[in-house]
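Engineer: Supplied structure: run-v2.tsv, TSV, C-alpha atoms.
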```
chain	number	residue	atom	x	y	z
A	4	MET	CA	109.09	-176.23	-50.48
A	5	ASP	CA	106.86	-175.62	-53.46
A	6	THR	CA	108.14	-176.40	-56.92
A	7	PRO	CA	108.67	-173.20	-58.94
A	8	SER	CA	106.06	-172.68	-61.64
A	9	ALA	CA	108.63	-171.45	-64.16
A	10	PRO	CA	112.43	-171.44	-64.47
A	11	LEU	CA	114.24	-168.37	-63.21
A	12	PRO	CA	115.78	-165.95	-65.74
A	13	GLY	CA	119.04	-166.88	-67.40
A	14	GLY	CA	119.17	-170.55	-66.55
A	15	THR	CA	121.92	-171.86	-64.29
A	16	TRP	CA	125.64	-171.47	-63.62
A	17	THR	CA	127.90	-173.90	-61.80
A	18	LEU	CA	129.75	-172.47	-58.79
A	19	GLY	CA	132.54	-174.97	-58.30
A	20	ASP	CA	130.53	-178.19	-58.31
A	21	SER	CA	127.20	-176.56	-57.42
A	22	PRO	CA	124.68	-175.64	-60.13
A	23	VAL	CA	122.76	-172.52	-59.05
A	24	ALA	CA	120.06	-170.40	-60.65
A	25	ARG	CA	121.62	-167.26	-62.14
A	26	PHE	CA	119.01	-165.19	-60.31
A	27	GLY	CA	119.73	-165.32	-56.58
A	28	TYR	CA	118.82	-163.34	-53.50
A	29	GLY	CA	120.82	-160.96	-51.29
A	30	ALA	CA	119.72	-161.09	-47.65
A	31	MET	CA	121.29	-157.82	-46.41
A	32	GLN	CA	118.03	-155.86	-46.47
A	33	LEU	CA	116.39	-158.29	-44.05
A	34	ALA	CA	118.26	-156.70	-41.14
A	35	GLY	CA	117.11	-153.45	-39.52
A	36	PRO	CA	117.94	-149.88	-40.62
A	37	TRP	CA	121.58	-149.41	-41.72
A	38	VAL	CA	121.91	-153.22	-41.59
A	39	MET	CA	121.81	-153.14	-37.80
A	40	GLY	CA	119.44	-154.99	-35.49
A	41	PRO	CA	116.39	-157.11	-36.23
A	42	PRO	CA	113.82	-156.43	-38.94
A	43	ALA	CA	110.62	-154.55	-38.08
A	44	ASP	CA	108.65	-157.52	-39.47
A	45	HIS	CA	110.27	-160.75	-38.32
A	46	ASP	CA	107.64	-163.04	-39.81
A	47	GLY	CA	107.72	-161.06	-43.06
A	48	ALA	CA	111.48	-161.60	-43.32
A	49	LEU	CA	111.04	-165.35	-42.88
A	50	ALA	CA	108.32	-165.31	-45.52
A	51	VAL	CA	110.60	-163.61	-48.05
A	52	LEU	CA	113.29	-166.25	-47.57
A	53	ARG	CA	110.80	-169.09	-47.91
A	54	GLU	CA	109.26	-167.45	-50.97
A	55	ALA	CA	112.71	-167.13	-52.57
A	56	VAL	CA	113.38	-170.86	-52.23
A	57	SER	CA	109.84	-171.80	-53.29
A	58	LEU	CA	110.31	-169.76	-56.47
A	59	GLY	CA	113.45	-171.72	-57.37
A	60	ILE	CA	116.23	-169.45	-56.07
A	61	THR	CA	119.19	-171.63	-55.11
A	62	HIS	CA	121.81	-168.96	-54.29
A	63	ILE	CA	121.42	-166.77	-51.19
A	64	ASP	CA	124.06	-164.18	-50.27
A	65	THR	CA	124.56	-163.20	-46.63
A	66	SER	CA	127.15	-162.30	-43.99
A	67	ASP	CA	127.35	-162.63	-40.24
A	68	ALA	CA	128.16	-158.89	-40.20
A	69	TYR	CA	124.59	-158.14	-41.33
A	70	GLY	CA	122.78	-157.25	-38.14
A	71	PRO	CA	125.29	-158.52	-36.93
A	72	ARG	CA	124.18	-162.19	-37.01
A	73	ILE	CA	120.59	-161.20	-37.81
A	74	THR	CA	120.34	-162.32	-41.45
A	75	ASN	CA	122.15	-165.60	-40.79
A	76	GLU	CA	119.82	-166.38	-37.89
A	77	LEU	CA	116.78	-165.53	-40.04
A	78	ILE	CA	118.04	-167.83	-42.82
A	79	ARG	CA	118.51	-170.65	-40.33
A	80	GLU	CA	115.07	-170.14	-38.79
A	81	ALA	CA	113.33	-169.95	-42.15
A	82	LEU	CA	115.13	-172.65	-44.12
A	83	HIS	CA	117.05	-175.10	-41.90
A	84	PRO	CA	117.44	-177.98	-42.65
A	85	TYR	CA	118.47	-176.55	-45.99
A	86	PRO	CA	117.44	-178.02	-49.36
A	87	GLU	CA	120.33	-179.86	-51.01
A	88	SER	CA	120.03	-177.53	-54.01
A	89	LEU	CA	120.54	-174.36	-51.93
A	90	LEU	CA	123.95	-172.66	-51.84
A	91	ILE	CA	124.47	-170.05	-49.11
A	92	ALA	CA	127.32	-167.65	-49.79
A	93	THR	CA	128.72	-165.57	-46.95
A	94	LYS	CA	131.58	-163.13	-46.65
A	95	VAL	CA	134.27	-162.23	-44.14
A	96	GLY	CA	136.74	-159.39	-43.75
A	97	ALA	CA	134.70	-156.81	-41.83
A	98	THR	CA	132.90	-156.57	-38.52
A	99	ARG	CA	130.50	-154.00	-37.03
A	100	ASP	CA	131.02	-151.31	-34.40
A	101	ALA	CA	128.50	-149.69	-32.05
A	102	GLN	CA	128.01	-146.81	-34.49
A	103	GLY	CA	127.05	-149.15	-37.33
A	104	GLY	CA	130.42	-148.82	-39.07
A	105	TRP	CA	132.22	-151.60	-40.93
A	106	PRO	CA	135.78	-151.77	-39.55
A	107	THR	CA	138.01	-154.22	-41.40
A	108	ALA	CA	138.84	-157.54	-39.71
A	109	ARG	CA	141.31	-159.43	-41.88
A	110	ARG	CA	143.94	-160.77	-39.51
A	111	PRO	CA	144.08	-164.58	-39.47
A	112	GLU	CA	142.57	-164.86	-35.99
A	113	GLU	CA	139.76	-162.46	-36.94
A	114	LEU	CA	138.93	-164.42	-40.08
A	115	ARG	CA	138.88	-167.72	-38.21
A	116	LYS	CA	136.50	-166.17	-35.66
A	117	GLN	CA	134.20	-164.90	-38.41
A	118	VAL	CA	134.11	-168.31	-40.09
A	119	ARG	CA	133.22	-169.98	-36.77
A	120	GLU	CA	130.47	-167.40	-36.18
A	121	ASN	CA	129.00	-167.98	-39.66
A	122	LEU	CA	129.04	-171.75	-39.10
A	123	GLN	CA	127.28	-171.40	-35.76
A	124	ALA	CA	124.65	-168.87	-36.87
A	125	LEU	CA	123.77	-170.79	-40.04
A	126	GLY	CA	123.80	-174.13	-38.24
A	127	VAL	CA	126.15	-175.95	-40.60
A	128	GLU	CA	129.43	-177.84	-40.35
A	129	THR	CA	130.76	-176.53	-43.67
A	130	LEU	CA	130.12	-173.15	-45.32
A	131	ASP	CA	129.13	-173.53	-48.99
A	132	LEU	CA	131.00	-170.41	-50.18
A	133	VAL	CA	133.01	-167.74	-48.38
A	134	ASN	CA	133.97	-164.51	-50.11
A	135	MET	CA	137.04	-162.67	-48.84
A	136	ARG	CA	136.01	-158.99	-48.83
A	137	MET	CA	138.77	-156.46	-49.38
A	138	GLY	CA	138.83	-152.69	-49.98
A	139	ASP	CA	136.50	-150.33	-48.12
A	140	ALA	CA	133.23	-148.45	-48.56
A	141	GLN	CA	134.80	-146.47	-51.40
A	142	GLY	CA	135.50	-149.64	-53.37
A	143	PRO	CA	138.51	-151.86	-54.08
A	144	GLN	CA	141.87	-150.64	-52.76
A	145	PRO	CA	145.37	-151.81	-53.71
A	146	GLY	CA	147.15	-154.14	-51.33
A	147	SER	CA	148.03	-157.77	-50.86
A	148	ILE	CA	145.30	-160.36	-50.29
A	149	THR	CA	147.79	-163.15	-49.59
A	150	GLU	CA	147.72	-163.43	-45.78
A	151	ALA	CA	143.92	-163.22	-45.59
A	152	PHE	CA	143.27	-165.57	-48.48
A	153	GLU	CA	145.82	-168.12	-47.29
A	154	THR	CA	143.93	-168.20	-44.00
A	155	LEU	CA	140.67	-169.03	-45.80
A	156	ALA	CA	142.43	-171.58	-47.99
A	157	GLY	CA	143.67	-173.25	-44.81
A	158	LEU	CA	140.13	-173.36	-43.40
A	159	GLN	CA	138.99	-174.85	-46.69
A	160	LYS	CA	141.57	-177.64	-46.30
A	161	GLU	CA	140.20	-178.24	-42.79
A	162	GLY	CA	136.77	-178.87	-44.31
A	163	LEU	CA	135.12	-175.75	-42.88
A	164	ILE	CA	134.67	-174.06	-46.28
A	165	ARG	CA	133.62	-175.67	-49.55
A	166	HIS	CA	134.24	-172.92	-52.11
A	167	LEU	CA	136.15	-169.62	-52.04
A	168	GLY	CA	135.50	-166.28	-53.69
A	169	VAL	CA	136.66	-162.68	-53.43
A	170	SER	CA	134.74	-159.43	-53.08
A	171	ASN	CA	135.44	-155.71	-53.58
A	172	VAL	CA	138.78	-156.50	-55.22
A	173	THR	CA	141.13	-155.24	-57.90
A	174	ARG	CA	142.06	-157.38	-60.88
A	175	GLU	CA	145.53	-157.81	-59.35
A	176	GLN	CA	144.00	-159.15	-56.14
A	177	VAL	CA	141.91	-161.62	-58.16
A	178	ALA	CA	145.08	-162.95	-59.77
A	179	GLU	CA	146.86	-163.05	-56.41
A	180	ALA	CA	144.01	-165.03	-54.82
A	181	ARG	CA	143.89	-167.46	-57.74
A	182	SER	CA	147.61	-168.14	-57.30
A	183	ILE	CA	146.83	-169.39	-53.77
A	184	ALA	CA	143.63	-171.41	-54.26
A	185	PRO	CA	140.85	-171.76	-56.85
A	186	ILE	CA	138.02	-169.24	-56.67
A	187	VAL	CA	134.49	-169.74	-57.99
A	188	CYS	CA	133.31	-166.11	-58.04
A	189	VAL	CA	134.19	-162.42	-57.85
A	190	GLN	CA	131.72	-160.08	-56.17
A	191	ASN	CA	132.24	-156.42	-57.13
A	192	MET	CA	130.17	-153.33	-57.80
A	193	TYR	CA	129.13	-153.35	-61.45
A	194	ASN	CA	126.12	-152.03	-63.31
A	195	LEU	CA	125.07	-149.99	-66.35
A	196	ALA	CA	126.75	-146.87	-64.99
A	197	HIS	CA	129.86	-148.54	-63.54
A	198	ARG	CA	131.56	-150.61	-66.22
A	199	HIS	CA	135.12	-150.57	-64.86
A	200	ASP	CA	135.14	-154.39	-64.60
A	201	ASP	CA	134.09	-155.03	-68.22
A	202	ASP	CA	137.36	-156.75	-69.09
A	203	LEU	CA	137.35	-158.71	-65.83
A	204	VAL	CA	133.81	-160.01	-66.45
A	205	ASP	CA	134.89	-161.39	-69.83
A	206	HIS	CA	138.19	-162.75	-68.49
A	207	LEU	CA	136.39	-164.64	-65.71
A	208	ALA	CA	133.73	-165.95	-68.10
A	209	ALA	CA	136.44	-167.50	-70.25
A	210	ASP	CA	137.81	-169.26	-67.15
A	211	GLY	CA	134.42	-170.48	-65.91
A	212	ILE	CA	134.33	-168.14	-62.89
A	213	ALA	CA	131.15	-166.32	-61.89
A	214	TYR	CA	130.89	-162.55	-61.55
A	215	VAL	CA	128.36	-161.38	-58.95
A	216	PRO	CA	127.60	-157.64	-59.20
A	217	PHE	CA	126.26	-155.71	-56.24
A	218	PHE	CA	124.40	-152.38	-56.28
A	219	PRO	CA	122.70	-152.94	-59.69
A	220	LEU	CA	121.36	-149.35	-59.49
A	221	GLY	CA	124.14	-147.78	-57.42
A	222	GLY	CA	126.11	-144.67	-58.38
A	223	PHE	CA	124.04	-143.37	-61.29
A	224	THR	CA	124.28	-139.67	-62.14
A	225	PRO	CA	121.01	-137.82	-62.81
A	226	LEU	CA	121.78	-137.85	-66.54
A	227	GLN	CA	122.44	-141.59	-66.53
A	228	SER	CA	119.29	-142.22	-64.49
A	229	GLU	CA	117.28	-140.19	-67.00
A	230	ALA	CA	118.66	-142.22	-69.90
A	231	LEU	CA	117.78	-145.47	-68.11
A	232	SER	CA	114.29	-144.21	-67.28
A	233	GLN	CA	113.68	-143.28	-70.91
A	234	VAL	CA	114.46	-146.84	-72.06
A	235	ALA	CA	112.32	-148.24	-69.23
A	236	ASP	CA	109.38	-146.02	-70.17
A	237	ARG	CA	109.67	-147.04	-73.80
A	238	LEU	CA	109.62	-150.73	-72.89
A	239	GLY	CA	106.90	-150.34	-70.26
A	240	ALA	CA	109.12	-151.55	-67.42
A	241	THR	CA	110.77	-150.15	-64.28
A	242	PRO	CA	114.38	-148.88	-64.33
A	243	MET	CA	115.31	-151.68	-61.89
A	244	SER	CA	113.86	-154.31	-64.23
A	245	ILE	CA	115.81	-152.92	-67.17
A	246	ALA	CA	119.05	-152.76	-65.17
A	247	LEU	CA	118.65	-156.38	-64.03
A	248	ALA	CA	117.73	-157.58	-67.53
A	249	TRP	CA	120.78	-155.81	-68.98
A	250	LEU	CA	123.03	-157.57	-66.48
A	251	MET	CA	121.51	-160.96	-67.32
A	252	GLN	CA	122.18	-160.36	-71.02
A	253	ARG	CA	125.65	-158.90	-70.45
A	254	SER	CA	127.39	-162.26	-69.86
A	255	PRO	CA	126.34	-165.81	-68.94
A	256	ASN	CA	128.67	-165.84	-65.91
A	257	ILE	CA	126.86	-162.93	-64.23
A	258	LEU	CA	124.81	-164.03	-61.22
A	259	LEU	CA	122.35	-161.59	-59.67
A	260	ILE	CA	121.68	-161.21	-55.93
A	261	PRO	CA	119.26	-158.25	-55.65
A	262	GLY	CA	117.92	-157.79	-52.15
A	263	THR	CA	114.47	-156.91	-50.89
A	264	SER	CA	112.42	-157.28	-47.73
A	265	SER	CA	109.21	-157.74	-49.72
A	266	ALA	CA	107.99	-160.99	-51.31
A	267	ALA	CA	106.04	-159.00	-53.91
A	268	HIS	CA	109.15	-157.01	-54.83
A	269	LEU	CA	111.11	-160.25	-55.07
A	270	ARG	CA	108.66	-161.57	-57.64
A	271	GLU	CA	108.83	-158.26	-59.54
A	272	ASN	CA	112.63	-158.48	-59.65
A	273	ILE	CA	112.52	-162.03	-61.02
A	274	ALA	CA	110.04	-161.01	-63.72
A	275	GLY	CA	112.05	-157.90	-64.58
A	276	ALA	CA	115.29	-159.81	-64.92
A	277	GLY	CA	113.51	-162.13	-67.37
A	278	LEU	CA	112.88	-159.37	-69.89
A	279	THR	CA	114.59	-159.79	-73.25
A	280	LEU	CA	115.98	-156.42	-74.34
A	281	PRO	CA	116.02	-155.64	-78.07
A	282	ASP	CA	119.46	-155.07	-79.60
A	283	GLU	CA	118.83	-151.37	-80.21
A	284	ASP	CA	117.91	-150.84	-76.56
A	285	VAL	CA	120.97	-152.77	-75.39
A	286	ALA	CA	123.12	-150.52	-77.59
A	287	GLU	CA	121.50	-147.42	-76.08
A	288	LEU	CA	121.95	-148.74	-72.56
A	289	ASN	CA	125.60	-149.59	-73.25
A	290	GLY	CA	126.18	-145.90	-73.90
A	291	ILE	CA	125.21	-145.02	-70.31
A	292	GLY	CA	128.42	-146.45	-68.88
A	293	HIS	CA	130.72	-145.10	-71.56
```
Let me see the file written as structure tokens.
Structural biologist:
Amino acid sequence: MDTPSAPLPGGTWTLGDSPVARFGYGAMQLAGPWVMGPPADHDGALAVLREAVSLGITHIDTSDAYGPRITNELIREALHPYPESLLIATKVGATRDAQGGWPTARRPEELRKQVRENLQALGVETLDLVNMRMGDAQGPQPGSITEAFETLAGLQKEGLIRHLGVSNVTREQVAEARSIAPIVCVQNMYNLAHRHDDDLVDHLAADGIAYVPFFPLGGFTPLQSEALSQVADRLGATPMSIALAWLMQRSPNILLIPGTSSAAHLRENIAGAGLTLPDEDVAELNGIGH
């Protein structure tokens, strides 16, 4: 792989014992429409993955439910044998049905099956990081994570998983998981418009745990979108660039995994996240979510 010409925005963060660039890549969009089936441009998908690594990205987020199996198989085809610096994070807790739905799959036998399928599709003996996904499409839901997380902790002891994380979870579920085994990250929806995890971001930062937001532009109202666009216009940037840059400046434990099926868009995202926002613009942006 080519050596990146410049460091990625925000420097690095250590996930467990693995230093990763704070700017990563989410592979979900490499699958077909509605995250089902193969991509329209197979070779283009491989090129995006190779471009990501050549640019210095060392954290790729995926799941065997994407496709299903499609994104994991693309990652293996494009990048295996993997660079030692690359950390591939996957997630379990849901499967796919014929209609493209995401039914939950959190019983111990279902989780073990998903871990085996991720290992096989990625072509590895140990998964770098597995996130236990809870909740549903509406977001985190109350309920115990113990049985599911104990199952993953057991697979970690067997040597099949290196690091554990949680996704789409409440603060109570984070604490419950941490009482069972160490976690290296929390992956929840969080952005300028959705600041419900503000306290959790800071709490995790103090404990050296990463926070990985998904949907960096999800759930904005028209008024909030207008406010973001006004700041972007003033700074001569796109709303997506401003949203990513704000997240990078929000806290050093925030790791980004924006997805794209375009190498050019990937480069635009990296450049956008590297913007330094003036204090007055950060203050204006902070008002969007409050």
Engineer: Identify which of the residues A:Pro185, A:Gly222, A:Pro255, A:Gly13 lies closest to A:Gly292, counting all atoms listed in the file when measuring atom-to-atom distances.
Structural biologist: A:Gly222
Engineer: Please determine, counting all atoms listed in the file, which residue among A:Ala156, A:Ile291, A:Val118, A:Ala108 has the shortest atom-to-atom distance to A:Met137.
Structural biologist: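 Distance minimum relative to A:Met137 lands on A:Ala108.
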Engineer: What does the distance from atom CA of A:Pro41 to atom CA of A:Ile73 come to in Å, to one decimal?
Structural biologist: 6.1 Å
Engineer: Would you mind telling me which residue in A:Ala151, A:Val215, A:Ile78, A:Ile273 lies nearest to A:Trp16 when using all atoms listed in the file?
Structural biologist: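 Answer, going by the shortest atom-to-atom distance: A:Val215.
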Engineer: Looking at only C-alpha atoms, which of A:Ile148, A:Cys188, A:Leu167, A:Ala124 is the one that sits closest to A:Asp210?
Structural biologist: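 Of all the options, A:Cys188 lies closest to A:Asp210.
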Engineer: Find the residues of stretch 201-283 of chain A that sit at most 12 Å from stretch 33-36 of chain A; for each, write down the nearest two atoms and how far apart they are in Å, to one decimal. Count only C-alpha atoms. Sort by chain, then by number going up, and give it as a tab-separated table.
Structural biologist:
```
residue	atom	partner	partner_atom	distance
A:Pro261	CA	A:Leu33	CA	11.9
A:Gly262	CA	A:Leu33	CA	8.3
A:Thr263	CA	A:Leu33	CA	7.2
A:Ser264	CA	A:Leu33	CA	5.5
A:Ser265	CA	A:Leu33	CA	9.2
A:Ala266	CA	A:Leu33	CA	11.4
```
Engineer: Could you work out how far atom CA of A:Tyr85 lies from atom CA of A:Arg72, giving the answer in Å with one decimal?
Structural biologist: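 Atom-to-atom, atom CA of A:Arg72 to atom CA of A:Tyr85, that is 17.9 Å.
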Engineer: So how far away is atom CA of A:Tyr214 from atom CA of A:Leu258, in Å?
Structural biologist: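 So the two atoms, atom CA of A:Leu258 and atom CA of A:Tyr214, lie 6.3 Å apart.
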Engineer: Choose the residue, out of A:His206, A:Arg110, A:Ile212, A:Gly275, that has the smallest atom-to-atom separation from A:Ala240; count only C-alpha atoms.
Structural biologist: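 With only C-alpha atoms as the atom set, the closest residue is A:Gly275.
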Engineer: Here is a test: counting only C-alpha atoms, which residue of A:Glu128, A:Leu203, A:Lys160, A:Leu269 is nearest to A:Leu52?
Structural biologist: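 Nearest candidate to A:Leu52 out of A:Glu128, A:Leu203, A:Lys160, A:Leu269: A:Leu269.
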Engineer: List the neighbours of stretch 168-179 of chain A out to 8 Å using only C-alpha atoms; skip same-chain residues closer than 6 positions along the sequence, and give me the result as JSON, numbers by chain.
Structural biologist: {"A": [132, 133, 134, 135, 136, 137, 138, 139, 142, 143, 144, 145, 146, 147, 148, 149, 186, 187, 188, 189, 190, 191, 192, 203]}
Engineer: Those residues you just picked out, can you put them in a file as a JSON list (two decimals), in the coordinates of the input with C-alpha atoms?
Structural biologist:
```
[["chain", "number", "residue", "atom", "x", "y", "z"],
["A", 132, "LEU", "CA", 131.00, -170.41, -50.18],
["A", 133, "VAL", "CA", 133.01, -167.74, -48.38],
["A", 134, "ASN", "CA", 133.97, -164.51, -50.11],
["A", 135, "MET", "CA", 137.04, -162.67, -48.84],
["A", 136, "ARG", "CA", 136.01, -158.99, -48.83],
["A", 137, "MET", "CA", 138.77, -156.46, -49.38],
["A", 138, "GLY", "CA", 138.83, -152.69, -49.98],
["A", 139, "ASP", "CA", 136.50, -150.33, -48.12],
["A", 142, "GLY", "CA", 135.50, -149.64, -53.37],
["A", 143, "PRO", "CA", 138.51, -151.86, -54.08],
["A", 144, "GLN", "CA", 141.87, -150.64, -52.76],
["A", 145, "PRO", "CA", 145.37, -151.81, -53.71],
["A", 146, "GLY", "CA", 147.15, -154.14, -51.33],
["A", 147, "SER", "CA", 148.03, -157.77, -50.86],
["A", 148, "ILE", "CA", 145.30, -160.36, -50.29],
["A", 149, "THR", "CA", 147.79, -163.15, -49.59],
["A", 186, "ILE", "CA", 138.02, -169.24, -56.67],
["A", 187, "VAL", "CA", 134.49, -169.74, -57.99],
["A", 188, "CYS", "CA", 133.31, -166.11, -58.04],
["A", 189, "VAL", "CA", 134.19, -162.42, -57.85],
["A", 190, "GLN", "CA", 131.72, -160.08, -56.17],
["A", 191, "ASN", "CA", 132.24, -156.42, -57.13],
["A", 192, "MET", "CA", 130.17, -153.33, -57.80],
["A", 203, "LEU", "CA", 137.35, -158.71, -65.83]]
```
Engineer: Which residues, protein or nucleic acid, reach to within 8 Å of (121.5, -168.9, -59.7) in the file's coordinates when using all atoms listed in the file, and can you give that as an MDAnalysis selection string?
Structural biologist: chainID A and resid 14:16 22:27 60:62 258:259
Engineer: Considering all atoms listed in the file, return as a PyMOL selection string whatever protein or nucleic-acid residues lie within 10 Å of A:Leu114, sequence-local ones (same chain, fewer than 2 positions apart) excluded.
Structural biologist: chain A and resi 94-97+108-112+116-120+135+151-152+154-155+158
Engineer: Quick one: residues within 12 Å of A:Gln233, all atoms listed in the file, excluding same-chain residues fewer than 4 positions away - as a compact mmCIF listing (two decimals) with C-alpha atoms, keeping the file's coordinate frame?
Structural biologist:
```txt
# COMPACT_ATOMS: atom_id res chain seq x y z
CA LEU A 226 121.78 -137.85 -66.54
CA GLN A 227 122.44 -141.59 -66.53
CA SER A 228 119.29 -142.22 -64.49
CA GLU A 229 117.28 -140.19 -67.00
CA ARG A 237 109.67 -147.04 -73.80
CA LEU A 238 109.62 -150.73 -72.89
CA GLY A 239 106.90 -150.34 -70.26
CA ALA A 240 109.12 -151.55 -67.42
CA THR A 241 110.77 -150.15 -64.28
CA PRO A 242 114.38 -148.88 -64.33
CA ILE A 245 115.81 -152.92 -67.17
CA ASP A 284 117.91 -150.84 -76.56
CA GLU A 287 121.50 -147.42 -76.08
CA LEU A 288 121.95 -148.74 -72.56
CA ILE A 291 125.21 -145.02 -70.31
```
